[in-house]
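Here is structure18.cif, consisting of mmCIF, C-alpha atoms:
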```
data_query
#
loop_
_atom_site.label_atom_id
_atom_site.label_comp_id
_atom_site.auth_asym_id
_atom_site.auth_seq_id
_atom_site.Cartn_x
_atom_site.Cartn_y
_atom_site.Cartn_z
CA MET A 238 0.00 0.00 0.00
CA ASP A 239 1.29 3.41 -0.90
CA LEU A 240 0.84 5.60 2.16
CA GLY A 241 1.36 8.69 0.05
CA LYS A 242 -1.93 7.99 -1.65
CA LEU A 243 -3.77 8.53 1.63
CA LYS A 244 -4.57 12.26 1.81
CA LEU A 245 -3.66 12.45 5.48
CA PHE A 246 -0.18 11.03 5.05
CA ALA A 247 0.37 13.17 1.98
CA SER A 248 -0.45 16.33 3.92
CA ILE A 249 1.68 15.33 6.91
CA THR A 250 4.63 14.60 4.62
CA GLY A 251 4.07 17.87 2.78
CA ARG A 252 4.08 19.76 6.05
CA MET A 253 7.27 17.99 7.14
CA GLU A 254 8.93 18.95 3.88
CA TRP A 255 7.89 22.55 4.37
CA LEU A 256 9.25 22.59 7.93
CA GLY A 257 12.53 21.03 6.80
CA ASP A 258 12.80 23.66 4.08
CA ARG A 259 12.15 26.41 6.60
CA GLN A 260 14.81 25.00 8.91
CA ARG A 261 17.31 25.28 6.05
CA VAL A 262 16.35 28.91 5.41
CA LEU A 263 16.69 29.75 9.11
CA ALA A 264 20.08 28.02 9.25
CA GLN A 265 21.15 30.25 6.33
CA ASN A 266 20.05 33.34 8.24
CA ILE A 267 21.99 32.33 11.34
CA ALA A 268 25.10 31.39 9.36
CA ASN A 269 24.98 34.82 7.71
CA ALA A 270 24.43 36.69 10.98
CA ASN A 271 27.63 38.69 10.42
CA THR A 272 27.62 38.98 6.64
CA PRO A 273 27.44 42.62 5.50
CA ASP A 274 24.22 43.63 3.69
CA TYR A 275 22.48 40.33 4.37
CA ALA A 276 18.73 40.47 4.97
CA PRO A 277 17.10 37.48 6.69
CA LYS A 278 14.69 35.30 4.71
CA ASP A 279 11.73 33.20 5.65
CA LEU A 280 9.22 30.95 3.91
CA VAL A 281 5.67 32.05 3.29
CA GLU A 282 3.36 30.26 5.69
CA PRO A 283 0.89 28.07 3.79
CA ASP A 284 -2.54 29.49 4.48
CA PHE A 285 -5.64 27.36 3.96
CA ALA A 286 -7.89 30.18 2.76
CA SER A 287 -5.42 31.50 0.20
CA HIS A 288 -4.66 27.92 -0.80
CA LEU A 289 -8.35 27.49 -1.63
CA ARG A 290 -8.47 30.77 -3.47
CA SER A 291 -5.42 29.97 -5.56
CA GLY A 292 -7.13 26.74 -6.58
CA GLY A 293 -4.75 24.36 -4.86
CA MET A 294 -7.56 22.09 -3.68
CA LEU A 295 -10.40 23.08 -5.97
CA ARG A 296 -9.22 22.44 -9.45
CA MET A 297 -11.08 23.36 -12.56
CA ARG A 298 -12.66 20.42 -14.27
CA VAL A 299 -10.99 19.13 -17.36
CA THR A 300 -13.68 17.78 -19.64
CA ASP A 301 -11.77 18.01 -22.85
CA PRO A 302 -8.14 17.09 -23.61
CA SER A 303 -7.53 20.58 -24.99
CA HIS A 304 -8.40 22.18 -21.62
CA GLU A 305 -5.63 23.69 -19.55
CA VAL A 306 -5.25 22.44 -16.00
CA GLY A 307 -5.62 25.49 -13.78
CA GLY A 308 -4.45 26.26 -10.28
CA GLY A 309 -1.77 24.62 -8.21
CA GLY A 310 1.06 27.14 -8.03
CA ALA A 311 4.41 26.75 -6.38
CA ALA A 312 4.24 24.95 -3.05
CA VAL A 313 6.64 27.16 -1.16
CA ARG A 314 7.82 30.67 -1.79
CA GLN A 315 10.84 32.26 -0.23
CA GLU A 316 10.64 35.90 0.75
CA THR A 317 12.88 38.42 2.38
CA VAL A 318 11.50 39.59 5.68
CA LYS A 319 11.74 43.09 6.99
CA SER A 320 13.23 42.80 10.43
CA PRO A 321 11.63 45.10 13.00
CA PHE A 322 15.00 45.35 14.69
CA ALA A 323 17.49 47.96 13.66
CA ALA A 324 20.10 46.89 11.18
CA THR A 325 23.74 47.14 12.12
CA ILE A 326 26.23 49.49 10.50
CA SER A 327 27.27 46.74 8.10
CA GLY A 328 23.70 46.58 6.71
CA ASN A 329 22.96 43.21 8.25
CA SER A 330 19.51 42.86 9.81
CA VAL A 331 19.60 39.30 11.18
CA ASP A 332 18.25 39.12 14.71
CA LEU A 333 19.69 35.98 16.31
CA GLU A 334 17.05 35.73 19.05
CA SER A 335 14.10 35.79 16.69
CA GLU A 336 15.84 33.34 14.34
CA LEU A 337 16.47 30.92 17.20
CA ARG A 338 12.86 31.29 18.33
CA LYS A 339 11.76 30.32 14.83
CA VAL A 340 14.19 27.39 14.84
CA SER A 341 12.75 25.92 18.03
CA GLU A 342 9.19 26.63 16.87
CA THR A 343 9.90 24.75 13.63
CA GLY A 344 11.36 21.87 15.64
CA VAL A 345 8.25 21.61 17.83
CA ARG A 346 5.93 21.68 14.82
CA TYR A 347 8.02 19.01 13.12
CA GLN A 348 7.80 16.84 16.22
CA THR A 349 4.02 17.26 16.18
CA MET A 350 3.91 16.05 12.58
CA VAL A 351 6.13 13.05 13.37
CA ASN A 352 3.88 12.11 16.30
CA LEU A 353 0.78 12.43 14.12
CA TYR A 354 2.40 10.22 11.52
CA GLN A 355 3.21 7.58 14.13
CA LYS A 356 -0.31 7.73 15.57
CA HIS A 357 -1.87 7.12 12.20
CA ILE A 358 0.48 4.29 11.41
CA ALA A 359 -0.57 2.72 14.72
CA LEU A 360 -4.19 3.28 13.71
CA LEU A 361 -3.63 1.46 10.43
CA LYS A 362 -1.91 -1.38 12.26
CA THR A 363 -4.89 -1.68 14.58
CA ALA A 364 -7.12 -1.87 11.54
CA ILE A 365 -5.15 -4.78 10.11
CA GLY A 366 -5.17 -6.54 13.47
CA ARG A 367 -1.75 -5.84 14.89
CA PRO A 368 -2.43 -3.51 17.77
CA GLY A 369 0.53 -1.46 18.91
CA GLY A 370 2.79 -2.66 16.18
CA MET B 7 17.19 16.72 1.63
CA ASP B 8 16.71 20.08 3.26
CA LEU B 9 17.68 19.09 6.77
CA VAL B 10 21.01 17.75 5.59
CA LYS B 11 21.53 21.04 3.74
CA ALA B 12 20.69 22.90 6.94
CA LEU B 13 23.47 20.96 8.66
CA ALA B 14 25.93 22.00 5.94
CA VAL B 15 24.91 25.67 6.21
CA SER B 16 25.30 25.71 9.99
CA ALA B 17 28.67 24.02 9.68
CA SER B 18 29.84 26.71 7.25
CA GLY B 19 28.71 29.37 9.73
CA MET B 20 30.62 27.70 12.53
CA SER B 21 33.83 27.39 10.55
CA SER B 22 33.63 31.07 9.51
CA GLN B 23 33.20 32.14 13.12
CA GLY B 24 36.12 29.86 13.93
CA VAL B 25 38.33 31.83 11.55
CA ARG B 26 37.13 35.03 13.20
CA LEU B 27 38.04 33.68 16.63
CA ARG B 28 41.49 32.76 15.33
CA VAL B 29 42.05 36.29 14.04
CA VAL B 30 40.89 37.80 17.34
CA ALA B 31 43.37 35.53 19.13
CA GLU B 32 46.14 36.67 16.76
CA ASN B 33 45.29 40.31 17.48
CA LEU B 34 45.28 39.79 21.23
CA ALA B 35 48.51 37.81 21.15
CA ASN B 36 50.18 40.59 19.17
CA ALA B 37 48.75 43.44 21.23
CA ASN B 38 52.29 44.43 22.22
CA SER B 39 54.26 43.41 19.13
CA THR B 40 56.36 46.36 18.09
CA ALA B 41 58.37 46.66 14.87
CA GLU B 42 61.47 44.54 14.39
CA VAL B 43 63.66 47.46 13.33
CA PRO B 44 63.75 51.04 14.68
CA GLY B 45 61.21 53.25 12.93
CA GLY B 46 59.38 50.29 11.38
CA GLU B 47 55.66 49.47 11.52
CA PRO B 48 54.35 47.51 14.48
CA TYR B 49 51.66 44.81 14.20
CA ARG B 50 48.58 46.09 12.41
CA ARG B 51 45.23 44.81 13.66
CA LYS B 52 43.49 42.24 11.42
CA LEU B 53 39.78 42.30 10.58
CA VAL B 54 37.58 39.55 9.14
CA SER B 55 34.65 40.14 6.81
CA PHE B 56 32.16 37.55 5.65
CA ARG B 57 30.23 37.00 2.48
CA THR B 58 27.36 34.81 1.34
CA VAL B 59 28.30 32.02 -1.04
CA LEU B 60 25.70 30.28 -3.15
CA ASP B 61 26.44 26.58 -3.11
CA ARG B 62 25.01 25.76 -6.54
CA GLU B 63 25.21 22.02 -6.10
CA ALA B 64 23.13 22.01 -2.92
CA GLY B 65 21.18 25.19 -3.73
CA VAL B 66 21.89 26.79 -0.38
CA GLU B 67 23.50 30.01 0.71
CA THR B 68 26.45 29.17 2.88
CA VAL B 69 28.84 31.66 4.40
CA SER B 70 32.57 32.00 4.07
CA VAL B 71 35.33 34.38 5.04
CA ASP B 72 35.55 37.10 2.41
CA ARG B 73 38.95 38.44 3.29
CA VAL B 74 41.14 39.23 6.24
CA GLY B 75 41.83 42.96 6.03
CA ARG B 76 44.02 45.28 8.04
CA ASP B 77 42.80 48.03 10.32
CA GLN B 78 44.04 51.31 8.84
CA SER B 79 43.66 53.36 12.01
CA ALA B 80 46.65 55.19 13.50
CA PHE B 81 49.19 53.52 15.75
CA GLU B 82 49.65 54.50 19.32
CA THR B 83 52.99 56.09 20.19
CA ARG B 84 54.81 56.04 23.47
CA PHE B 85 57.87 57.99 24.56
CA ASP B 86 60.45 55.38 25.50
CA PRO B 87 63.99 56.32 24.44
CA GLY B 88 65.50 53.20 25.95
CA HIS B 89 63.41 50.85 23.79
CA PRO B 90 65.39 48.91 21.15
CA VAL B 91 63.07 50.03 18.29
CA ALA B 92 62.57 53.63 19.40
CA ASP B 93 62.98 56.18 16.56
CA ALA B 94 65.41 59.12 16.55
CA ASP B 95 63.10 61.20 18.78
CA GLY B 96 62.70 58.40 21.29
CA TYR B 97 59.16 57.36 20.35
CA VAL B 98 58.00 53.76 19.96
CA GLN B 99 55.00 52.87 17.79
CA LEU B 100 52.61 50.38 19.36
CA PRO B 101 50.02 48.19 17.54
CA ASN B 102 46.51 49.59 16.99
CA VAL B 103 45.00 46.66 18.88
CA LYS B 104 42.55 47.59 21.63
CA PRO B 105 42.02 44.58 23.92
CA MET B 106 38.53 45.73 24.91
CA VAL B 107 37.39 45.92 21.27
CA GLU B 108 38.88 42.48 20.65
CA LEU B 109 37.05 41.02 23.63
CA VAL B 110 33.73 42.44 22.40
CA ASP B 111 34.43 40.93 18.98
CA LEU B 112 35.35 37.65 20.64
CA ARG B 113 32.08 37.58 22.56
CA GLU B 114 30.06 38.33 19.42
CA ALA B 115 31.82 35.55 17.51
CA GLN B 116 31.14 33.18 20.40
CA ARG B 117 27.46 34.11 20.47
CA THR B 118 27.06 33.59 16.73
CA TYR B 119 28.92 30.30 16.95
CA GLU B 120 26.52 29.11 19.65
CA ALA B 121 23.52 30.20 17.57
CA ASN B 122 24.84 28.14 14.65
CA LEU B 123 25.41 25.20 16.95
CA ASN B 124 21.83 25.49 18.21
CA ALA B 125 20.47 25.54 14.65
CA LEU B 126 22.59 22.49 13.84
CA THR B 127 21.33 20.62 16.92
CA ALA B 128 17.72 21.49 16.03
CA ALA B 129 18.12 20.22 12.45
CA ARG B 130 19.83 17.10 13.72
CA THR B 131 17.03 16.41 16.21
CA MET B 132 14.48 16.76 13.40
CA LEU B 133 16.47 14.30 11.28
CA MET B 134 16.70 11.82 14.14
CA ARG B 135 12.93 12.00 14.72
CA THR B 136 12.38 11.18 11.06
CA ILE B 137 14.70 8.22 11.30
CA ASP B 138 12.86 7.11 14.46
CA LEU B 139 9.74 6.73 12.29
CA LEU B 140 11.39 3.64 10.81
CA ARG B 141 11.39 1.97 14.22
CA GLY B 142 7.68 2.63 14.74
#
```
Take the structure in the file and write it out as structure tokens.
Amino acid sequence: MDLGKLKLFASITGRMEWLGDRQRVLAQNIANANTPDYAPKDLVEPDFASHLRSGGMLRMRVTDPSHEVGGGGAAVRQETVKSPFAATISGNSVDLESELRKVSETGVRYQTMVNLYQKHIALLKTAIGRPGG
Amino acid sequence: MDLVKALAVSASGMSSQGVRLRVVAENLANANSTAEVPGGEPYRRKLVSFRTVLDREAGVETVSVDRVGRDQSAFETRFDPGHPVADADGYVQLPNVKPMVELVDLREAQRTYEANLNALTAARTMLMRTIDLLRG
């Protein structure tokens, strides 16, 4: 059975990929904390409402082979964030504290996703008659 | 995989801060190094600057040491006619190293190093959790 075909597992995996991607971006910010003229970056948070509006879930029906498939843009978008904290003389605006806060927040969210994944695997195992694993 | 890339980025940050710490140590060690010959230049303070490097293979922005420059500020002079490298008027030129400035720089490098280490630990924990899924 391909777990990826189950919507739930697909969304959990997608979320984990997003969090891993964000962790990389945050690591870049921290590594460049003393690079002149470096502005910190972050990923755009996936938002359910805008996801709907952009047609990520609700696709247009294709009733003819000549129809274009609409919707479904890029999954993640990287943007430069304006730091509310004053930039240093060198033009660098990385704020280590807020970056580290984001790092631990990302870690906690990732852990949540891993736990959810495990729970649902256990659920599937119960369904096939092997409770607990 | 992005988490592995995050590890590489943090490692590049740590090694860059390591170079910075080395230069600070050189400056502090040479805080009293005068010229070798009378009238010559004493030790000139070194400065590190960083730059972002795009690692095309991995698609990440790592950091590396741009160059190690020299501080162009004026030297301190001290009247000491008995000094072996004193000039004709009896003045000795001393390095433009200010220990307090170096210590502040040292502390900043240490703080950034720790931040990188924290990011690396966080990415590593996330990786380990993923691997733990296999044991489930």
Could the residues of chain B within 8 Å of chain A, counting all atoms listed in the file, be given as a ChimeraX atom specification, please?
/B:8-9,11-13,15-16,18-20,55-58,66-69,118,121-122,124-126,128-129,131-132,135-136,139,142
Atom CA of Leu27 of chain B to atom CA of Ala276 of chain A, straight-line distance in Å:
23.6 Å
Within-9 Å shell of (0.3, 12.2, 7.5) in input frame, only C-alpha atoms, as a list in words:
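Protein, DNA and RNA residues close to (0.3, 12.2, 7.5): Leu240, Gly241, Leu243, Lys244, Leu245, Phe246, Ala247, Ser248, Ile249, Thr250, Gly251, Arg252, Met350, Val351, Leu353, Tyr354, Gln355, His357 and Ile358 of chain A.
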Could you take the residues named above and write them with C-alpha atoms, as a PDB file, in the coordinates of the input?
```
ATOM      1  CA  LEU A 240       0.840   5.600   2.160  1.00  0.00           C
ATOM      2  CA  GLY A 241       1.360   8.690   0.050  1.00  0.00           C
ATOM      3  CA  LEU A 243      -3.770   8.530   1.630  1.00  0.00           C
ATOM      4  CA  LYS A 244      -4.570  12.260   1.810  1.00  0.00           C
ATOM      5  CA  LEU A 245      -3.660  12.450   5.480  1.00  0.00           C
ATOM      6  CA  PHE A 246      -0.180  11.030   5.050  1.00  0.00           C
ATOM      7  CA  ALA A 247       0.370  13.170   1.980  1.00  0.00           C
ATOM      8  CA  SER A 248      -0.450  16.330   3.920  1.00  0.00           C
ATOM      9  CA  ILE A 249       1.680  15.330   6.910  1.00  0.00           C
ATOM     10  CA  THR A 250       4.630  14.600   4.620  1.00  0.00           C
ATOM     11  CA  GLY A 251       4.070  17.870   2.780  1.00  0.00           C
ATOM     12  CA  ARG A 252       4.080  19.760   6.050  1.00  0.00           C
ATOM     13  CA  MET A 350       3.910  16.050  12.580  1.00  0.00           C
ATOM     14  CA  VAL A 351       6.130  13.050  13.370  1.00  0.00           C
ATOM     15  CA  LEU A 353       0.780  12.430  14.120  1.00  0.00           C
ATOM     16  CA  TYR A 354       2.400  10.220  11.520  1.00  0.00           C
ATOM     17  CA  GLN A 355       3.210   7.580  14.130  1.00  0.00           C
ATOM     18  CA  HIS A 357      -1.870   7.120  12.200  1.00  0.00           C
ATOM     19  CA  ILE A 358       0.480   4.290  11.410  1.00  0.00           C
TER      20      ILE A 358
END
```
Pick from B:Ala17, B:Val10, B:Asp93, B:Val25, whichever lies nearest to Leu123 of chain B using only C-alpha atoms
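With only C-alpha atoms as the atom set, the closest residue is B:Ala17.
With the shown file loaded, the PyMOL selection byres ((chain B and resi 30) around 10) picks out Gly24, Val25, Arg26, Leu27, Arg28, Val29, Ala31, Glu32, Asn33, Leu34, Ala35, Asn36, Arg51, Lys52, Leu53, Val54, Val103, Pro105, Val107, Glu108, Leu109, Val110, Asp111, Leu112 and Ala115 of chain B.
Across the structure, atom CA of Arg50 of chain B and atom CA of Gln78 of chain B are spaced 7.8 Å apart.
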Atomic distance atom CA of Pro283 of chain A - atom CA of Ser330 of chain A, expressed in Å with one decimal
24.5 Å
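Closest approach to Tyr49 of chain B among B:Asp77, B:Asp86, B:Asp61, B:Asp72 is made by B:Asp77 (distances from all atoms listed in the file).
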Could you check the closest approach to Met7 of chain B for each of B:Leu100, B:Ala64, B:Ala94, B:Met106 and tell me which residue wins, using all atoms listed in the file?
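Looking only at the distances to Met7 of chain B, the closest residue turns out to be B:Ala64.
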Where does the PyMOL selection byres ((chain B and resi 47) around 12) land in this file, that is, which residues does it pick, as an NGL selection string?
:B and (39-46 or 48-51 or 80-83 or 91-93 or 98-102)
Give me the box for segment 15-25 of chain B as AutoDock Vina command-line options, namely the centre and edge lengths in Å to one decimal of a box along x, y and z that holds every listed atom plus 4 Å on each side.
```
--center_x 31.6 --center_y 28.1 --center_z 10.1 --size_x 21.4 --size_y 16.1 --size_z 15.7
```
Quick one: everything within 8 Å of Thr317 of chain A, counting all atoms listed in the file, minus sequence neighbours fewer than 4 positions away in the same chain. Send it as a VMD selection string.
chain A and resid 276 to 279
Give me a file of those residues, with C-alpha atoms, as a short mmCIF file (atom, residue, chain, number, x, y, z; two decimals), in the frame of the given file.
```cif
data_model
loop_
_atom_site.label_atom_id
_atom_site.label_comp_id
_atom_site.auth_asym_id
_atom_site.auth_seq_id
_atom_site.Cartn_x
_atom_site.Cartn_y
_atom_site.Cartn_z
CA ALA A 276 18.73 40.47 4.97
CA PRO A 277 17.10 37.48 6.69
CA LYS A 278 14.69 35.30 4.71
CA ASP A 279 11.73 33.20 5.65
#
```
